[in-house]
$ cat structure-v2.cif   # mmCIF, C-alpha atoms
data_query
loop_
_atom_site.label_atom_id
_atom_site.label_comp_id
_atom_site.auth_asym_id
_atom_site.auth_seq_id
_atom_site.Cartn_x
_atom_site.Cartn_y
_atom_site.Cartn_z
CA MET A 75 14.86 -21.13 -19.86
CA ASP A 76 14.40 -20.97 -16.09
CA LEU A 77 12.64 -17.96 -14.63
CA LYS A 78 14.78 -15.89 -12.30
CA LEU A 79 12.66 -14.89 -9.31
CA LEU A 80 13.41 -12.20 -6.78
CA THR A 81 11.27 -13.13 -3.77
CA LEU A 82 10.64 -10.26 -1.36
CA SER A 83 9.11 -10.90 2.05
CA ASN A 84 9.63 -9.98 5.68
CA LEU A 85 7.97 -13.32 6.44
CA TYR A 86 10.90 -15.69 6.01
CA PRO A 87 12.79 -17.80 8.56
CA ASN A 88 16.28 -16.95 9.75
CA GLU A 89 18.83 -18.26 12.23
CA ALA A 90 17.38 -16.23 15.09
CA GLN A 91 13.72 -16.85 14.13
CA PRO A 92 13.54 -20.35 12.63
CA ARG A 93 9.70 -20.43 12.65
CA HIS A 94 9.16 -16.93 11.27
CA GLY A 95 7.20 -17.16 8.01
CA ILE A 96 8.02 -20.83 7.55
CA PHE A 97 5.04 -21.16 5.18
CA THR A 98 6.74 -18.79 2.73
CA GLU A 99 9.89 -20.90 2.86
CA HIS A 100 7.83 -24.03 2.18
CA ARG A 101 6.30 -22.33 -0.84
CA MET A 102 9.72 -21.32 -2.19
CA SER A 103 11.22 -24.75 -1.55
CA ASN A 104 8.46 -26.39 -3.54
CA MET A 105 8.83 -23.84 -6.34
CA LEU A 106 12.52 -24.75 -6.50
CA LYS A 107 11.66 -28.46 -6.74
CA SER A 108 9.86 -27.75 -10.03
CA ARG A 109 13.31 -27.18 -11.63
CA ARG A 110 11.74 -24.35 -13.62
CA VAL A 111 12.96 -21.42 -11.56
CA GLU A 112 15.99 -19.89 -9.94
CA ILE A 113 15.20 -18.09 -6.69
CA LYS A 114 16.93 -15.47 -4.62
CA VAL A 115 15.12 -14.35 -1.49
CA VAL A 116 15.38 -10.87 0.02
CA ALA A 117 14.01 -10.86 3.57
CA PRO A 118 14.45 -7.35 5.01
CA VAL A 119 15.04 -6.95 8.73
CA PRO A 120 14.35 -3.83 10.86
CA TYR A 121 17.68 -2.28 11.83
CA PHE A 122 18.68 -2.47 15.49
CA PRO A 123 22.32 -2.21 16.61
CA PHE A 124 22.39 -4.12 19.91
CA LYS A 125 22.18 -7.87 20.59
CA GLY A 126 21.85 -7.76 24.38
CA SER A 127 18.87 -9.55 25.95
CA ILE A 128 18.13 -6.37 27.90
CA PHE A 129 16.62 -4.97 24.69
CA GLY A 130 14.10 -7.82 24.41
CA LYS A 131 12.52 -8.53 21.03
CA TYR A 132 14.21 -5.49 19.47
CA SER A 133 17.59 -7.22 19.71
CA THR A 134 16.44 -10.08 17.48
CA GLY A 135 17.24 -8.19 14.30
CA ALA A 136 20.84 -7.71 15.38
CA LYS A 137 21.24 -11.48 15.75
CA ILE A 138 20.11 -12.27 12.20
CA PRO A 139 22.98 -12.92 9.74
CA ARG A 140 23.35 -10.74 6.66
CA SER A 141 22.95 -13.75 4.38
CA ALA A 142 22.31 -17.48 4.53
CA ARG A 143 21.62 -20.48 2.34
CA ARG A 144 18.47 -22.33 3.35
CA ASN A 145 17.16 -25.43 1.60
CA GLY A 146 19.17 -24.68 -1.52
CA ILE A 147 18.05 -21.02 -1.72
CA ASP A 148 20.27 -17.99 -1.14
CA VAL A 149 18.68 -15.52 1.27
CA ILE A 150 19.89 -12.02 2.05
CA TYR A 151 18.68 -10.12 5.10
CA PRO A 152 19.30 -6.41 4.41
CA ARG A 153 18.48 -3.91 7.15
CA TYR A 154 16.01 -1.08 6.81
CA PRO A 155 15.30 1.79 9.21
CA THR A 156 12.13 2.12 11.23
CA ILE A 157 10.78 5.30 12.77
CA PRO A 158 8.74 5.07 16.00
CA LYS A 159 5.11 6.22 15.69
CA LEU A 160 5.51 7.02 11.98
CA GLY A 161 6.83 3.56 11.09
CA MET A 162 3.62 2.01 9.77
CA ASN A 163 2.96 4.75 7.23
CA LEU A 164 6.58 5.14 6.14
CA GLN A 165 7.57 1.48 6.22
CA PRO A 166 7.00 0.69 2.51
CA LEU A 167 9.06 3.72 1.43
CA LEU A 168 11.88 2.98 3.88
CA LEU A 169 11.83 -0.67 2.87
CA ALA A 170 12.03 0.09 -0.86
CA ALA A 171 14.80 2.67 -0.40
CA ALA A 172 16.88 0.21 1.62
CA MET A 173 16.48 -2.48 -1.06
CA ILE A 174 17.86 -0.49 -4.00
CA ARG A 175 21.52 -0.94 -3.18
CA PRO A 176 21.42 -4.72 -2.44
CA LEU A 177 19.30 -5.35 -5.55
CA LYS A 178 21.72 -3.38 -7.74
CA LYS A 179 24.53 -5.49 -6.27
CA LEU A 180 22.56 -8.66 -7.01
CA ILE A 181 22.08 -7.62 -10.65
CA ARG A 182 25.78 -6.73 -11.02
CA SER A 183 26.68 -10.18 -9.70
CA GLY A 184 24.84 -11.71 -12.67
CA TYR A 185 21.40 -12.33 -11.24
CA ASP A 186 19.23 -10.04 -13.36
CA PHE A 187 15.88 -11.27 -12.10
CA ASP A 188 12.83 -11.49 -14.38
CA VAL A 189 10.12 -10.65 -11.85
CA ILE A 190 9.69 -9.48 -8.27
CA ASP A 191 7.53 -12.02 -6.40
CA ALA A 192 6.36 -10.37 -3.17
CA TYR A 193 4.59 -12.07 -0.25
CA TYR A 194 2.32 -10.00 2.00
CA PHE A 195 0.75 -6.87 0.60
CA TYR A 196 1.91 -4.32 3.16
CA PRO A 197 4.63 -3.23 3.41
CA GLU A 198 6.33 -5.76 1.12
CA GLY A 199 3.86 -5.53 -1.77
CA VAL A 200 3.91 -1.75 -1.81
CA ALA A 201 7.72 -1.73 -1.61
CA ALA A 202 7.85 -4.30 -4.43
CA ALA A 203 5.69 -2.08 -6.63
CA LEU A 204 8.04 0.85 -6.01
CA LEU A 205 11.06 -1.32 -6.78
CA GLY A 206 9.36 -2.69 -9.89
CA ARG A 207 9.09 0.86 -11.22
CA PHE A 208 12.69 1.65 -10.32
CA PHE A 209 14.18 -1.47 -11.93
CA GLY A 210 11.65 -1.82 -14.73
CA LYS A 211 10.51 -5.27 -13.58
CA PRO A 212 7.03 -6.80 -13.39
CA VAL A 213 5.67 -7.45 -9.91
CA VAL A 214 3.44 -10.19 -8.50
CA ILE A 215 2.03 -9.73 -4.99
CA THR A 216 0.53 -12.46 -2.81
CA ALA A 217 -1.99 -11.57 -0.09
CA TYR A 218 -1.91 -13.80 3.00
CA GLY A 219 -4.52 -12.47 5.43
CA ASN A 220 -4.05 -9.53 7.82
CA ASP A 221 -2.46 -7.52 5.02
CA ILE A 222 -5.91 -7.28 3.42
CA SER A 223 -8.31 -8.14 6.25
CA LEU A 224 -6.85 -5.65 8.77
CA ILE A 225 -4.35 -3.10 7.42
CA PRO A 226 -6.73 -1.35 4.97
CA ARG A 227 -8.63 -0.06 8.01
CA TYR A 228 -5.89 2.59 8.18
CA ALA A 229 -6.33 5.38 5.63
CA LEU A 230 -2.83 5.88 4.25
CA PRO A 231 -1.84 2.18 4.13
CA LYS A 232 -5.17 1.53 2.39
CA ARG A 233 -4.33 4.02 -0.35
CA MET A 234 -0.86 2.52 -0.77
CA ILE A 235 -2.31 -0.99 -1.03
CA GLN A 236 -4.74 0.23 -3.70
CA TRP A 237 -1.87 1.86 -5.59
CA ALA A 238 0.27 -1.30 -5.41
CA ALA A 239 -2.65 -3.45 -6.59
CA ASN A 240 -2.98 -1.17 -9.60
CA GLU A 241 0.77 -1.29 -10.29
CA ALA A 242 1.15 -5.06 -9.94
CA SER A 243 1.18 -7.22 -13.06
CA GLY A 244 -0.49 -10.02 -11.10
CA ILE A 245 -1.92 -10.73 -7.66
CA THR A 246 -2.58 -13.99 -5.86
CA THR A 247 -4.53 -14.64 -2.68
CA VAL A 248 -4.64 -17.74 -0.48
CA CYS A 249 -8.44 -17.77 -0.42
CA GLN A 250 -11.45 -16.39 -2.30
CA ALA A 251 -12.45 -14.17 0.62
CA LEU A 252 -9.20 -12.21 0.29
CA LYS A 253 -9.76 -11.85 -3.44
CA ASP A 254 -13.24 -10.48 -2.75
CA ALA A 255 -11.76 -8.00 -0.27
CA LEU A 256 -9.21 -6.84 -2.86
CA LEU A 257 -11.98 -6.36 -5.40
CA ASP A 258 -13.84 -4.25 -2.83
CA LEU A 259 -10.68 -2.13 -2.59
CA GLY A 260 -10.84 -1.57 -6.34
CA ALA A 261 -8.36 -4.16 -7.61
CA ASP A 262 -8.75 -5.33 -11.21
CA GLY A 263 -10.45 -8.72 -11.04
CA GLU A 264 -8.53 -9.92 -14.12
CA LYS A 265 -5.29 -9.62 -12.18
CA VAL A 266 -6.34 -11.45 -9.02
CA HIS A 267 -5.99 -15.24 -8.82
CA VAL A 268 -6.76 -17.57 -5.91
CA VAL A 269 -3.81 -19.90 -5.27
CA LEU A 270 -4.34 -22.01 -2.17
CA HIS A 271 -1.44 -22.96 0.08
CA GLY A 272 -0.45 -26.60 0.01
CA VAL A 273 0.47 -28.97 2.81
CA ASP A 274 3.29 -31.50 3.10
CA LEU A 275 1.23 -34.67 2.73
CA LYS A 276 4.23 -36.89 3.51
CA LEU A 277 4.92 -35.23 6.85
CA PHE A 278 1.29 -34.61 7.79
CA ARG A 279 -0.48 -37.96 7.53
CA LEU A 280 -2.53 -40.44 9.49
CA PRO A 281 -0.57 -41.92 12.41
CA ASP A 282 0.69 -45.47 11.98
CA ASN A 283 -0.82 -46.33 15.35
CA ARG A 284 -3.23 -43.76 16.77
CA GLU A 285 -3.58 -45.51 20.13
CA GLU A 286 0.19 -45.43 20.58
CA ALA A 287 0.19 -41.74 19.73
CA ARG A 288 -2.52 -41.08 22.32
CA LYS A 289 -0.67 -43.13 24.90
CA LYS A 290 2.54 -41.20 24.19
CA LEU A 291 0.72 -37.95 24.95
CA GLY A 292 -1.13 -39.39 27.95
CA LEU A 293 -4.59 -38.87 26.40
CA THR A 294 -7.35 -40.93 28.01
CA ARG A 295 -10.54 -39.07 27.05
CA ARG A 296 -11.85 -36.66 24.44
CA SER A 297 -8.98 -34.30 23.65
CA LEU A 298 -9.19 -31.07 21.71
CA LEU A 299 -6.31 -29.04 20.34
CA THR A 300 -5.59 -25.39 19.58
CA ALA A 301 -2.39 -24.55 17.74
CA GLY A 302 -0.75 -21.23 16.93
CA HIS A 303 0.76 -18.16 18.53
CA LEU A 304 -0.74 -17.33 21.90
CA ILE A 305 -2.36 -14.07 20.82
CA GLU A 306 -5.94 -12.84 21.11
CA ARG A 307 -6.67 -13.23 17.40
CA LYS A 308 -6.17 -17.00 17.55
CA GLY A 309 -8.95 -17.42 20.13
CA HIS A 310 -7.26 -19.79 22.60
CA HIS A 311 -9.18 -17.99 25.35
CA ILE A 312 -12.48 -18.93 23.70
CA ALA A 313 -11.46 -22.59 23.72
CA ILE A 314 -10.62 -22.38 27.43
CA GLN A 315 -13.95 -20.70 28.20
CA ALA A 316 -15.81 -23.37 26.20
CA LEU A 317 -14.17 -26.10 28.27
CA VAL A 318 -16.39 -25.16 31.21
CA ASN A 319 -19.35 -26.66 29.32
CA LEU A 320 -17.44 -29.56 27.76
CA PRO A 321 -17.11 -32.08 30.61
CA ASP A 322 -14.73 -35.03 30.35
CA THR A 323 -12.77 -33.12 27.73
CA ASP A 324 -9.15 -32.01 27.78
CA LEU A 325 -7.59 -29.14 25.85
CA LEU A 326 -4.05 -29.14 24.54
CA ILE A 327 -2.56 -25.78 23.49
CA ALA A 328 0.42 -25.92 21.13
CA GLY A 329 2.28 -22.64 20.79
CA ASP A 330 3.89 -19.83 22.71
CA GLY A 331 3.35 -16.12 22.86
CA GLU A 332 2.49 -13.02 24.81
CA GLU A 333 -0.87 -14.24 26.13
CA GLU A 334 0.35 -17.38 27.87
CA GLN A 335 0.17 -16.08 31.44
CA ASN A 336 -3.26 -14.53 30.82
CA LEU A 337 -4.49 -17.83 29.41
CA ARG A 338 -3.14 -19.76 32.39
CA ARG A 339 -4.88 -17.35 34.78
CA LEU A 340 -8.11 -17.68 32.82
CA ALA A 341 -8.02 -21.47 33.03
CA ALA A 342 -7.40 -21.30 36.78
CA SER A 343 -10.19 -18.77 37.35
CA LEU A 344 -12.68 -20.96 35.48
CA GLY A 345 -11.65 -24.09 37.37
CA VAL A 346 -10.47 -25.96 34.28
CA ALA A 347 -6.68 -25.64 34.71
CA ASP A 348 -6.40 -29.37 35.38
CA ARG A 349 -7.87 -30.03 31.92
CA VAL A 350 -5.71 -27.55 30.00
CA ARG A 351 -2.20 -28.53 28.98
CA PHE A 352 0.22 -25.95 27.57
CA LEU A 353 2.66 -27.68 25.23
CA GLY A 354 4.72 -24.59 24.42
CA HIS A 355 6.41 -24.36 21.05
CA VAL A 356 6.10 -27.64 19.15
CA ASP A 357 8.57 -28.46 16.39
CA GLN A 358 6.80 -28.99 13.10
CA ARG A 359 8.10 -32.55 12.90
CA ASP A 360 6.25 -33.34 16.14
CA LEU A 361 2.95 -31.76 15.15
CA PRO A 362 1.64 -34.76 13.14
CA THR A 363 1.69 -36.92 16.28
CA ILE A 364 -0.39 -34.33 18.15
CA TYR A 365 -2.87 -33.86 15.28
CA GLY A 366 -3.16 -37.62 14.93
CA ALA A 367 -3.70 -38.26 18.63
CA THR A 368 -6.23 -35.53 19.43
CA ASP A 369 -9.89 -35.71 18.41
CA ALA A 370 -10.38 -32.28 16.83
CA LEU A 371 -8.56 -29.05 16.14
CA LEU A 372 -10.24 -25.86 17.35
CA LEU A 373 -9.65 -22.70 15.34
CA PRO A 374 -11.73 -19.89 16.89
CA SER A 375 -9.76 -17.14 15.13
CA SER A 376 -11.13 -13.68 14.46
CA ARG A 377 -9.51 -13.65 11.00
CA GLU A 378 -7.32 -15.92 8.89
CA GLY A 379 -6.50 -16.40 5.24
CA ILE A 380 -6.43 -20.16 5.30
CA ALA A 381 -4.58 -21.20 8.43
CA ASN A 382 -1.75 -23.67 7.87
CA VAL A 383 -2.81 -25.61 10.96
CA LEU A 384 -6.23 -26.16 9.42
CA VAL A 385 -5.00 -28.13 6.41
CA GLU A 386 -2.22 -29.80 8.42
CA SER A 387 -4.78 -31.15 10.88
CA LEU A 388 -7.04 -32.44 8.10
CA ALA A 389 -4.08 -34.16 6.45
CA CYS A 390 -3.57 -36.05 9.72
CA GLY A 391 -7.22 -37.14 9.72
CA ASN A 392 -8.17 -34.69 12.46
CA PRO A 393 -11.40 -32.72 11.78
CA VAL A 394 -11.63 -29.02 12.59
CA VAL A 395 -14.08 -26.74 14.38
CA ALA A 396 -13.49 -23.19 13.13
CA THR A 397 -14.92 -19.70 13.14
CA ASN A 398 -16.92 -19.02 9.98
CA VAL A 399 -14.60 -16.27 8.73
CA TRP A 400 -12.37 -15.57 5.73
CA GLY A 401 -10.79 -18.77 4.35
CA ALA A 402 -12.16 -21.33 6.82
CA PRO A 403 -15.55 -21.81 5.07
CA GLU A 404 -13.69 -22.37 1.80
CA VAL A 405 -11.99 -25.43 3.31
CA ILE A 406 -14.63 -26.79 5.70
CA THR A 407 -17.12 -27.60 2.97
CA VAL A 408 -17.98 -31.21 3.82
CA PRO A 409 -18.77 -33.03 7.09
CA GLU A 410 -15.48 -34.96 7.06
CA ALA A 411 -13.60 -31.64 7.23
CA GLY A 412 -15.39 -30.49 10.36
CA VAL A 413 -17.91 -27.91 11.52
CA LEU A 414 -18.13 -24.12 11.31
CA MET A 415 -19.13 -22.14 14.40
CA LYS A 416 -22.22 -19.94 14.18
CA SER A 417 -20.42 -17.12 15.98
CA ARG A 418 -17.08 -16.44 17.64
CA ALA A 419 -18.23 -17.16 21.16
CA PRO A 420 -17.62 -19.94 23.73
CA GLU A 421 -21.23 -21.19 23.55
CA ALA A 422 -21.03 -21.42 19.75
CA LEU A 423 -17.81 -23.39 20.06
CA VAL A 424 -19.50 -25.80 22.50
CA ASP A 425 -22.41 -26.30 20.09
CA ALA A 426 -20.07 -26.91 17.16
CA VAL A 427 -17.99 -29.44 19.11
CA GLU A 428 -21.10 -31.35 20.14
CA GLN A 429 -22.34 -31.26 16.54
CA LEU A 430 -19.02 -32.68 15.33
CA PHE A 431 -18.99 -35.49 17.87
CA GLY A 432 -22.66 -36.22 17.28
CA ALA A 433 -21.71 -37.44 13.79
CA TYR A 434 -17.95 -37.87 14.00
CA PRO A 435 -16.37 -38.41 10.57
CA ASP A 436 -14.17 -41.29 9.50
CA ARG A 437 -10.62 -40.00 9.92
CA ALA A 438 -9.44 -41.72 6.75
CA GLU A 439 -12.11 -39.76 4.84
CA THR A 440 -10.85 -36.56 6.45
CA ARG A 441 -7.38 -37.39 5.20
CA ARG A 442 -8.64 -38.14 1.69
CA PHE A 443 -10.39 -34.77 1.60
CA ALA A 444 -7.12 -33.02 2.54
CA GLU A 445 -5.19 -34.66 -0.28
CA GLN A 446 -6.39 -32.00 -2.72
CA PHE A 447 -4.21 -29.39 -0.95
CA THR A 448 -0.89 -30.20 -2.56
CA TRP A 449 2.18 -28.01 -2.89
CA GLU A 450 2.47 -29.29 -6.45
CA ARG A 451 -0.84 -27.66 -7.33
CA THR A 452 0.15 -24.43 -5.60
CA THR A 453 3.45 -24.38 -7.47
CA GLU A 454 1.89 -25.11 -10.85
CA GLN A 455 -0.72 -22.38 -10.51
CA HIS A 456 1.75 -19.76 -9.32
CA LEU A 457 4.34 -20.61 -11.97
CA ALA A 458 1.69 -20.43 -14.69
CA LEU A 459 0.93 -16.86 -13.63
CA LEU A 460 4.61 -15.91 -13.47
CA ASP A 461 5.26 -17.44 -16.90
CA GLU A 462 2.38 -15.52 -18.42
CA ILE A 463 3.47 -12.21 -16.91
CA VAL A 464 7.13 -12.53 -17.91
CA SER A 465 6.30 -13.76 -21.42
CA ARG A 466 4.13 -10.73 -22.14
CA GLY A 467 6.85 -8.38 -20.83
#
$ encode --input "structure-v2.cif" --output "structure tokens"
Amino acid sequence: MDLKLLTLSNLYPNEAQPRHGIFTEHRMSNMLKSRRVEIKVVAPVPYFPFKGSIFGKYSTGAKIPRSARRNGIDVIYPRYPTIPKLGMNLQPLLLAAAMIRPLKKLIRSGYDFDVIDAYYFYPEGVAAALLGRFFGKPVVITAYGNDISLIPRYALPKRMIQWAANEASGITTVCQALKDALLDLGADGEKVHVVLHGVDLKLFRLPDNREEARKKLGLTRRSLLTAGHLIERKGHHIAIQALVNLPDTDLLIAGDGEEEQNLRRLAASLGVADRVRFLGHVDQRDLPTIYGATDALLLPSSREGIANVLVESLACGNPVVATNVWGAPEVITVPEAGVLMKSRAPEALVDAVEQLFGAYPDRAETRRFAEQFTWERTTEQHLALLDEIVSRG
């Protein structure tokens, strides 16, 4: 009999935010392909009543539909209240309270789910644990990154995360470093399982003609890439600073975000603006061409679980230079995967780039290394845990 999953996550795409939490959608889509589960997704949205552009990012929630069907999966987007200044501490409670009515309605409609499968530990995981108690359902929580690497620095959220970890029937993390952090928080090691994210190996692959790809992008010399939201944590500014000591090297930046103007000013002030190209948001279908055409991906992040761009780049044969933090050293374990920086600083990035190009790997070997990161493996491991938890009641 198929398992009936109730997936709970704020990190899920919608009509107004098609890139928001796309990795969670990929994980659910591949779970569905197994033909062993039914899935309903609940993706709560902060309540805001007005759609006008004058309200900026706050109006986004008002533009999101109440429900949708995406890739064969029904998604509901219930609203929950937020309270300024107190929101972070109260968010799990407000989220859980707002979910009771829609989940009762879902059960009455005939979808009496077997397990709550929550993605991101705070607030979703804590809310899921509360809802698990209310509905008498087992709960599995997946930790992605900041939910464990950052949020436990705050006293009350830390205690709620510890409580949810104790309540959960099972926990998964996307890297060993996050598991270790959960154990440091007091989680039961028997509950915590490392389940790596996969990558779409059909979409992300070696280019059919790399020279054509480079020509299409106008690349004529060594070209490095950073990819991700333009925020401080991703370290795009470190890549720009490093460019000063990387002559005859261009930098492509794929992504958009709040730091774009600051990054442009930084490049101009350092005299490297003519070697920095801002690509803006890049559709996922176009990313393989960019990975395949550039010579290395730079990932000078301050913290990550395992970044999706890391395994995507490797799958396209593009080696990676990354900060030696959290999940990166669990992936960059061989020379064909790339090089780890000795510190999160521009000079360390320069040294790592020169080390990579001093013994540049065969790109086909980089691709072969990435072929272990399959969605099929992720799905099998996660379903095995869900099966075990539901079977033991």
$ resolve_selection --input "structure-v2.cif" --expression "the PyMOL selection byres ((chain A and resi 463) around 10)" --output "PyMOL selection string"
chain A and resi 188-189+212-214+243-244+457-462+464-467
$ closest_atom_pairs --input "structure-v2.cif" --of "stretch 214-299 of chain A" --to "stretch 405-410 of chain A" --cutoff "12 Å" --atoms "only C-alpha atoms" --output "JSON lines"
{"residue": "A:Val248", "atom": "CA", "partner": "A:Val405", "partner_atom": "CA", "distance": 11.3}
{"residue": "A:Cys249", "atom": "CA", "partner": "A:Val405", "partner_atom": "CA", "distance": 9.2}
{"residue": "A:Gln250", "atom": "CA", "partner": "A:Val405", "partner_atom": "CA", "distance": 10.7}
{"residue": "A:Ala251", "atom": "CA", "partner": "A:Val405", "partner_atom": "CA", "distance": 11.6}
{"residue": "A:Leu270", "atom": "CA", "partner": "A:Val405", "partner_atom": "CA", "distance": 10.0}
{"residue": "A:His271", "atom": "CA", "partner": "A:Val405", "partner_atom": "CA", "distance": 11.3}
$ closest_residue --input "structure-v2.cif" --among "A:Thr246, A:Thr156, A:Asn382, A:Thr363" --to "A:Ile96" --atoms "only C-alpha atoms"
A:Asn382
$ closest_residue --input "structure-v2.cif" --among "A:Ala242, A:Ile314, A:Ala402, A:Ile380" --to "A:Phe97" --atoms "all atoms listed in the file"
A:Ile380
$ residues_around --input "structure-v2.cif" --residues "A:Ser141" --least-positions-apart "5" --cutoff "10 Å" --atoms "all atoms listed in the file" --output "MDAnalysis selection string"
chainID A and resid 88:89 115:117 148:152
$ resolve_selection --input "structure-v2.cif" --expression "the PyMOL selection byres ((chain A and resi 198) around 9)" --output "ChimeraX atom specification"
/A:82-84,165-166,169-170,192-197,199-203,215
$ residues_near_point --input "structure-v2.cif" --point "(-19.3, -22.1, 17.4)" --cutoff "12 Å" --atoms "all atoms listed in the file" --output "tab-separated table (two decimals) with C-alpha atoms, in the frame of the given file"
chain	number	residue	atom	x	y	z
A	309	GLY	CA	-8.95	-17.42	20.13
A	312	ILE	CA	-12.48	-18.93	23.70
A	313	ALA	CA	-11.46	-22.59	23.72
A	316	ALA	CA	-15.81	-23.37	26.20
A	372	LEU	CA	-10.24	-25.86	17.35
A	373	LEU	CA	-9.65	-22.70	15.34
A	374	PRO	CA	-11.73	-19.89	16.89
A	375	SER	CA	-9.76	-17.14	15.13
A	394	VAL	CA	-11.63	-29.02	12.59
A	395	VAL	CA	-14.08	-26.74	14.38
A	396	ALA	CA	-13.49	-23.19	13.13
A	397	THR	CA	-14.92	-19.70	13.14
A	398	ASN	CA	-16.92	-19.02	9.98
A	399	VAL	CA	-14.60	-16.27	8.73
A	412	GLY	CA	-15.39	-30.49	10.36
A	413	VAL	CA	-17.91	-27.91	11.52
A	414	LEU	CA	-18.13	-24.12	11.31
A	415	MET	CA	-19.13	-22.14	14.40
A	416	LYS	CA	-22.22	-19.94	14.18
A	417	SER	CA	-20.42	-17.12	15.98
A	418	ARG	CA	-17.08	-16.44	17.64
A	419	ALA	CA	-18.23	-17.16	21.16
A	420	PRO	CA	-17.62	-19.94	23.73
A	421	GLU	CA	-21.23	-21.19	23.55
A	422	ALA	CA	-21.03	-21.42	19.75
A	423	LEU	CA	-17.81	-23.39	20.06
A	424	VAL	CA	-19.50	-25.80	22.50
A	425	ASP	CA	-22.41	-26.30	20.09
A	426	ALA	CA	-20.07	-26.91	17.16
A	427	VAL	CA	-17.99	-29.44	19.11
A	428	GLU	CA	-21.10	-31.35	20.14
A	429	GLN	CA	-22.34	-31.26	16.54
A	430	LEU	CA	-19.02	-32.68	15.33
$ resolve_selection --input "structure-v2.cif" --expression "the PyMOL selection byres ((chain A and resi 340) around 12)" --output "ChimeraX atom specification"
/A:310-318,333-339,341-347,350
$ residues_around --input "structure-v2.cif" --residues "stretch 102-110 of chain A" --least-positions-apart "4" --cutoff "9 Å" --atoms "only C-alpha atoms" --output "list in words"
Met75, Asp76, Leu77, Thr81, Phe97, Thr98, Val115, Asn145, Gly146, Ile147, Trp449, Glu450, Thr452, Thr453, Glu454, His456 and Leu457 of chain A
$ residues_around --input "structure-v2.cif" --residues "stretch 290-307 of chain A" --least-positions-apart "2" --cutoff "8 Å" --atoms "all atoms listed in the file" --output "VMD selection string"
chain A and resid 286 to 288 309 to 311 313 322 to 334 364 to 365 367 to 373 375 to 377 383
$ closest_residue --input "structure-v2.cif" --among "A:Phe278, A:Phe443, A:Phe352, A:Phe431" --to "A:Ser387" --atoms "all atoms listed in the file"
A:Phe278
$ atom_distance --input "structure-v2.cif" --atom1 "atom CA of A:Ala444" --atom2 "atom CA of A:Thr216"
22.6 Å
$ atom_distance --input "structure-v2.cif" --atom1 "atom CA of A:Lys78" --atom2 "atom CA of A:Ile190"
9.1 Å
$ residues_near_point --input "structure-v2.cif" --point "(-14.0, -12.9, 3.5)" --cutoff "7 Å" --atoms "all atoms listed in the file" --output "PyMOL selection string"
chain A and resi 251-252+254-255+399-401
